[in-house]
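> One structure coming up, written as structure tokens, with questions to follow.
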Amino acid sequence: MRQARKSEAVSGKLTHNLFMMALLVMLGFVISERTASGELTARANHDHIKIDFFYHGSTVSVSGFSDAGADLIIKIASPEGHEVLKEKGKVAGFLWMNVATLKLENVPNLYSIHSTRKLEEILDQTELDKYVIGYPALGRHAEMGPVKDDEDKARWFSEFIKYKENSRLYDTSTGRIELKNMADGHQPYYIMTEWPYQAPPGDYVVTVYAVKDGKVVETAESKVLVEQVGIVNTLSNMAKKNGALYGIISIISALGAGFGVGLIFRKGGGAH
Amino acid sequence: MYLYLPVALTSINILIPVGLGLAVGLLSGLFGVGGGFLMTPLLIMFGIPSTVAAATDSNQIVAASTSGTYAHWRVGNVDFKMGLYLLIGGFAGGLLGVQAIKVLKATGNADFAIKMTYVLLLGTVGTYMFIESLSSMRKKKVNDTVAPEKESGFSRLLKKLPLQTRFEKSGVTHSLLLPVLFGGFVGVLGAIMGVGGGFLMVPIMVYILRMPMHVVVGTSLFQILFNCIEVTFLQAYTNHNVDFVLAVLLLLGSTVGAQVGAVFGRRLKGEQLKVILAGIVLAVTVKIIFDLTLSPSLLLAQAGGH
């Protein structure tokens with residue numbers, strides 16, 4: 001009898017321990033993947049891009065697991081900031097000149113959206129606006145001025161998108177996310193994206209949204225850090241923090257180079 | 001091969017800046033112009049931010065004009081005295097120009113007036129130079145001696161100005177006020193337009209100061225050298241816009257180009273140099289007119305440029 005009680009107590013303790021362990025594992029899982037329920041995961045494979053002397057852009061792939069049957073949207077963006085741009089317009093009916101200054105608030109410098117299907121097919125406007133997904137949502141989210149009315153705002157926002165796409169900083173795609181064979185009820189996904197060399201150093205956030213029945217059901221995040229290293233970092237810091245010395249070095253180098261080449265030519269070519 | 005530019009924050013194929021440097025340096029050595037007017041828009045076209053393009057170009061011109069001045073000085077084609085007075089005027093004019101920009105900006109649509117004035121000025125100067133140098137080339141063919149030019153009312157007026165002095169190297173006598181005034185005029189325009197003004201300075205030295213073409217080229221380069229040292233320093237110190245790596249790539253081409261230009265220029269007669277320069281000035285005028293009238297592909301541009 002005493003024996004039986006003891007074994008009951010032992011097994012009870014064991015169950016308790018197992019339960020605590022399972023809880024810890026689950027908690028750890030949730031924390032490490034930063035998801036709502038632990039189904040969706042996201043990982044950027046190249047999360048620390050180093051800009052050195054020979055840097056010419058990079059690639060970043062995003063991969064993870066999602067719930068079966070969910071549509072996915074991947075957003076890569078820099079923190080929101082402001083932009084000041086010059087507007088070109090016609091003067092005297094035929095001359096193109098800078099006619100005004102356009103200021104934008106709440107716009108990221110880099111914004112890239114990839115989705116398994118067309119955005120408007122999987123989410124309604126309210127949901128797109130809530131998460132600022134897609135150009136139209138970003139347009140409604142951004143503050144712009146000076147603009148006369150909504151039509152004027154839409155016109156200049158579309159010019160802004162053209163300007164950003166031309167600098168390769170804004171980009172959208174549909175159907176480029178690869179969905180692989182299911183593993184243990186989870187859907188592996190993968191996308192390879194070009195990282196433009198035009199993207200300046202800074203922190204970038206990769207957010208993956210899982211969508212079911214017209215709602216975002218889960219999100220997962222990962223980060224990409226872009227940093228200048230070596231000579232590039234030294235020169236860039238010096239230009240910003242020690243402008244006078246940087247200027248003097250630039251001038252002396254130019255004078256030296258000009259004079260040096262002059263001497264070489266005198267030796268090589270001979271004076272007339 | 002691509003290199004990353006730490007201030008422009010972009011990557012560029014090194015053949016582009018070296019090639020551009022070579023071409024613009026050649027013009028610089030031949031005609032005594034800085035070539036910023038061609039270089040800055042070309043750099044912008046290759047993805048360099050406009051502010052960095054203008055600032056870095058002035059750093060590059062320091063190298064090209066040192067190389068060019070040195071080449072011209074070796075054959076005695078730099079009038080240092082004239083260059084010094086032009087510099088004094090240019091420096092004062094630059095300061096005045098910066099103030100003028102503030103006033104003009106306050107009045108509103110100044111961009112339009114400034115650009116139109118500049119286009120008209122360049123067009124007139126280019127056309128005049130072209131016709132004048134062609135006709136003097138023809139005259140020389142007919143009669144190998146140059147007929148003594150009639151003294152115009154304008155040149156008689158110039159002779160009446162005080163502080164007349166002899167500029168040995170150029171072989172001319174002028175009032176000291178003349179180079180200071182014209183240096184100042186080009187300085188004001190340069191500051192407003194954001195260009196060095198070589199395209200205006202060279203014709204002024206040829207037609208108003210009556211200096212020989214070969215001395216004009218050397219002296220203009222000498223003057224540009226000092227202007228660009230000042231601009232480079234101010235740009236690096238106040239705006240942090242000079243890209244050292246890009247400047248080095250550009251000067252690799254431009255210093256060599258300036259030497260080649262100087263050597264090539266010596267083989268040409270003054271009239272031939274003038275007629276080619278006139279052609280280039282006219283081409284630049286036409287290019288500005290095209291830029292102003294053709295619909296741009298993008299209606300937004302980075303702020304802070306010229």
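Simple scheme: letters A, B, ... for chains in structure tokens order, numbers from 1 for residues in each chain, numbers from 1 for ligands in the order shown.
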Any idea which chain B residues end up within 8 Å of chain A if we count only C-alpha atoms, as a PyMOL selection string please?

chain B and resi 2-7+9-11+59-60+62-68+70-71+74-75+109+111-112+229+232-238+240-242+244+248+251+255-256+259+291-296+298-303

> For N, CA and C atoms, I'd like the residues from the last selection saved as a compact mmCIF listing (two decimals), in the first residue's frame.


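Dumped everything to part-v1.txt:
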# COMPACT_ATOMS: atom_id res chain seq x y z
N TYR B 2 33.32 46.73 -60.04
CA TYR B 2 32.52 47.73 -59.34
C TYR B 2 33.18 48.16 -58.03
N LEU B 3 33.06 49.43 -57.71
CA LEU B 3 33.53 49.92 -56.42
C LEU B 3 32.38 50.63 -55.71
N TYR B 4 32.37 50.53 -54.38
CA TYR B 4 31.32 51.19 -53.60
C TYR B 4 31.79 52.58 -53.21
N LEU B 5 30.90 53.57 -53.38
CA LEU B 5 31.25 54.96 -53.07
C LEU B 5 30.67 55.32 -51.70
N PRO B 6 31.55 55.57 -50.72
CA PRO B 6 31.09 55.70 -49.33
C PRO B 6 30.21 56.92 -49.03
N VAL B 7 30.33 57.99 -49.81
CA VAL B 7 29.50 59.17 -49.53
C VAL B 7 28.27 59.19 -50.45
N LEU B 9 26.91 56.63 -51.49
CA LEU B 9 26.15 55.44 -51.07
C LEU B 9 25.60 54.65 -52.25
N THR B 10 26.44 54.46 -53.23
CA THR B 10 26.04 53.66 -54.37
C THR B 10 27.28 52.99 -54.95
N SER B 11 27.05 52.05 -55.86
CA SER B 11 28.16 51.30 -56.43
C SER B 11 28.28 51.66 -57.90
N ASN B 59 36.14 68.63 -56.65
CA ASN B 59 37.37 68.01 -56.14
C ASN B 59 38.20 67.45 -57.29
N GLN B 60 37.54 66.84 -58.23
CA GLN B 60 38.21 66.25 -59.40
C GLN B 60 38.84 67.34 -60.27
N VAL B 62 40.09 70.08 -59.28
CA VAL B 62 41.35 70.51 -58.65
C VAL B 62 42.50 69.73 -59.28
N ALA B 63 42.33 68.41 -59.41
CA ALA B 63 43.38 67.57 -59.97
C ALA B 63 43.60 67.85 -61.46
N ALA B 64 42.48 67.91 -62.23
CA ALA B 64 42.60 68.12 -63.67
C ALA B 64 43.23 69.48 -63.97
N SER B 65 42.82 70.52 -63.22
CA SER B 65 43.35 71.85 -63.53
C SER B 65 44.79 72.01 -63.03
N THR B 66 45.18 71.26 -61.97
CA THR B 66 46.59 71.27 -61.56
C THR B 66 47.42 70.68 -62.69
N SER B 67 46.96 69.54 -63.17
CA SER B 67 47.66 68.85 -64.26
C SER B 67 47.74 69.76 -65.49
N GLY B 68 46.61 70.39 -65.85
CA GLY B 68 46.55 71.25 -67.02
C GLY B 68 47.37 72.53 -66.85
N TYR B 70 49.91 72.98 -64.93
CA TYR B 70 51.32 72.59 -64.95
C TYR B 70 51.81 72.41 -66.39
N ALA B 71 51.00 71.74 -67.20
CA ALA B 71 51.38 71.51 -68.60
C ALA B 71 51.50 72.83 -69.37
N ARG B 74 54.61 75.06 -68.16
CA ARG B 74 55.91 74.61 -68.66
C ARG B 74 56.26 75.27 -70.00
N VAL B 75 55.23 75.60 -70.78
CA VAL B 75 55.50 76.24 -72.07
C VAL B 75 55.19 77.74 -72.00
N ASN B 109 9.79 82.60 -58.68
CA ASN B 109 10.18 81.87 -59.88
C ASN B 109 11.53 82.31 -60.48
N ASP B 111 14.38 80.56 -60.75
CA ASP B 111 15.00 79.51 -61.54
C ASP B 111 14.84 79.76 -63.03
N PHE B 112 13.63 80.14 -63.39
CA PHE B 112 13.28 80.37 -64.79
C PHE B 112 14.12 81.50 -65.37
N ILE B 229 39.42 74.63 -55.37
CA ILE B 229 39.95 74.29 -54.04
C ILE B 229 38.98 74.85 -52.99
N THR B 232 35.65 72.87 -53.05
CA THR B 232 35.79 71.53 -52.48
C THR B 232 35.81 71.60 -50.95
N PHE B 233 36.59 72.56 -50.43
CA PHE B 233 36.70 72.65 -48.98
C PHE B 233 35.33 72.98 -48.36
N LEU B 234 34.65 73.97 -48.92
CA LEU B 234 33.35 74.36 -48.36
C LEU B 234 32.34 73.21 -48.44
N GLN B 235 32.36 72.49 -49.57
CA GLN B 235 31.44 71.36 -49.74
C GLN B 235 31.73 70.26 -48.73
N ALA B 236 33.03 69.97 -48.52
CA ALA B 236 33.39 68.90 -47.58
C ALA B 236 33.08 69.32 -46.16
N TYR B 237 33.34 70.60 -45.85
CA TYR B 237 33.21 71.08 -44.48
C TYR B 237 31.76 71.30 -44.09
N THR B 238 30.98 71.94 -44.96
CA THR B 238 29.61 72.29 -44.56
C THR B 238 28.56 71.27 -45.02
N HIS B 240 29.29 67.98 -46.42
CA HIS B 240 29.76 66.58 -46.36
C HIS B 240 29.37 65.82 -47.64
N ASN B 241 29.58 66.45 -48.77
CA ASN B 241 29.11 65.86 -50.03
C ASN B 241 30.21 65.39 -50.97
N VAL B 242 31.47 65.51 -50.56
CA VAL B 242 32.56 65.11 -51.45
C VAL B 242 32.81 63.61 -51.28
N PHE B 244 35.32 60.88 -51.81
CA PHE B 244 36.75 60.75 -52.09
C PHE B 244 37.04 59.66 -53.12
N VAL B 248 38.75 60.18 -56.78
CA VAL B 248 40.00 59.52 -57.21
C VAL B 248 39.79 58.83 -58.56
N LEU B 251 39.67 61.51 -61.24
CA LEU B 251 40.94 62.20 -61.53
C LEU B 251 41.96 61.29 -62.18
N THR B 255 43.31 63.79 -65.04
CA THR B 255 44.67 64.34 -65.01
C THR B 255 45.42 63.97 -66.29
N VAL B 256 45.20 62.74 -66.75
CA VAL B 256 45.83 62.29 -67.99
C VAL B 256 45.20 63.03 -69.19
N GLN B 259 46.55 66.54 -69.67
CA GLN B 259 47.88 66.56 -70.29
C GLN B 259 47.79 66.36 -71.80
N ASP B 291 17.13 69.73 -72.49
CA ASP B 291 16.82 69.34 -71.10
C ASP B 291 15.59 70.09 -70.60
N LEU B 292 15.49 71.34 -71.01
CA LEU B 292 14.40 72.17 -70.50
C LEU B 292 13.07 71.87 -71.18
N THR B 293 13.13 71.41 -72.43
CA THR B 293 11.87 71.27 -73.16
C THR B 293 11.36 69.83 -73.27
N LEU B 294 12.26 68.83 -73.19
CA LEU B 294 11.79 67.45 -73.31
C LEU B 294 11.14 67.00 -72.01
N SER B 295 10.05 66.24 -72.13
CA SER B 295 9.37 65.76 -70.93
C SER B 295 10.27 64.80 -70.17
N PRO B 296 10.48 65.04 -68.87
CA PRO B 296 11.33 64.14 -68.09
C PRO B 296 10.59 62.83 -67.81
N LEU B 298 10.94 61.08 -65.07
CA LEU B 298 10.52 61.13 -63.67
C LEU B 298 10.19 62.57 -63.32
N LEU B 299 9.07 62.77 -62.64
CA LEU B 299 8.68 64.14 -62.29
C LEU B 299 9.17 64.53 -60.90
N LEU B 300 9.83 63.58 -60.22
CA LEU B 300 10.39 63.92 -58.91
C LEU B 300 11.89 63.71 -58.96
N ALA B 301 12.61 64.56 -58.25
CA ALA B 301 14.06 64.43 -58.19
C ALA B 301 14.50 64.73 -56.78
N GLN B 302 15.70 64.22 -56.47
CA GLN B 302 16.24 64.46 -55.15
C GLN B 302 16.40 65.97 -54.92
N ALA B 303 16.02 66.42 -53.73
CA ALA B 303 16.15 67.84 -53.42
C ALA B 303 17.59 68.15 -53.04

> For the alpha helix (DSSP H) assignment from backbone DSSP, which residues of segment 34-237 of chain A qualify? Please present them as a ChimeraX atom specification.

/A:119-122,125-131,135-141,150-166,230-237

> Closest to Ile280 of chain B among B:Leu122, B:Met1, B:Leu209, B:Val231, using only C-alpha atoms?

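When distances to Ile280 of chain B are compared using only C-alpha atoms, the smallest one comes from B:Leu122.
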
> Measure the distance from atom CA of Lys159 of chain B to atom CA of Val186 of chain B in Å and round it to one decimal.

21.6 Å

> If you count only C-alpha atoms, which residues fall within 8 Å of segment 80-96 of chain B, apart from same-chain ones fewer than 2 positions away, as a list in words?

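Contacts, with the query itself left out: Val78, Val98, Gln99, Ala100, Phe167, Leu176, Pro179, Val180, Leu181, Phe182, Gly183, Gly184, Phe185, Val186, Gly187, Val188, Gly190, Ala191, Thr219, Ser220, Phe222, Gln223, Phe226 and Asn227 of chain B.
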
> Counting only C-alpha atoms, figure out which residue out of B:Leu250, B:Ser155, B:Lys160, B:Ser170 gets nearest to Thr40 of chain B.

B:Leu250

> Determine the nearest neighbour of Gly35 of chain B from the options B:Phe199, B:Tyr207, B:Phe290, B:Phe154, counting only C-alpha atoms.

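Selected residue with least distance to Gly35 of chain B: B:Phe199.
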
> Out of segment 160-216 of chain A, which residues get strand (DSSP E or B) from DSSP, as an MDAnalysis selection string?

chainID A and resid 170:174 178:179 183 186:195 202:212 215:216
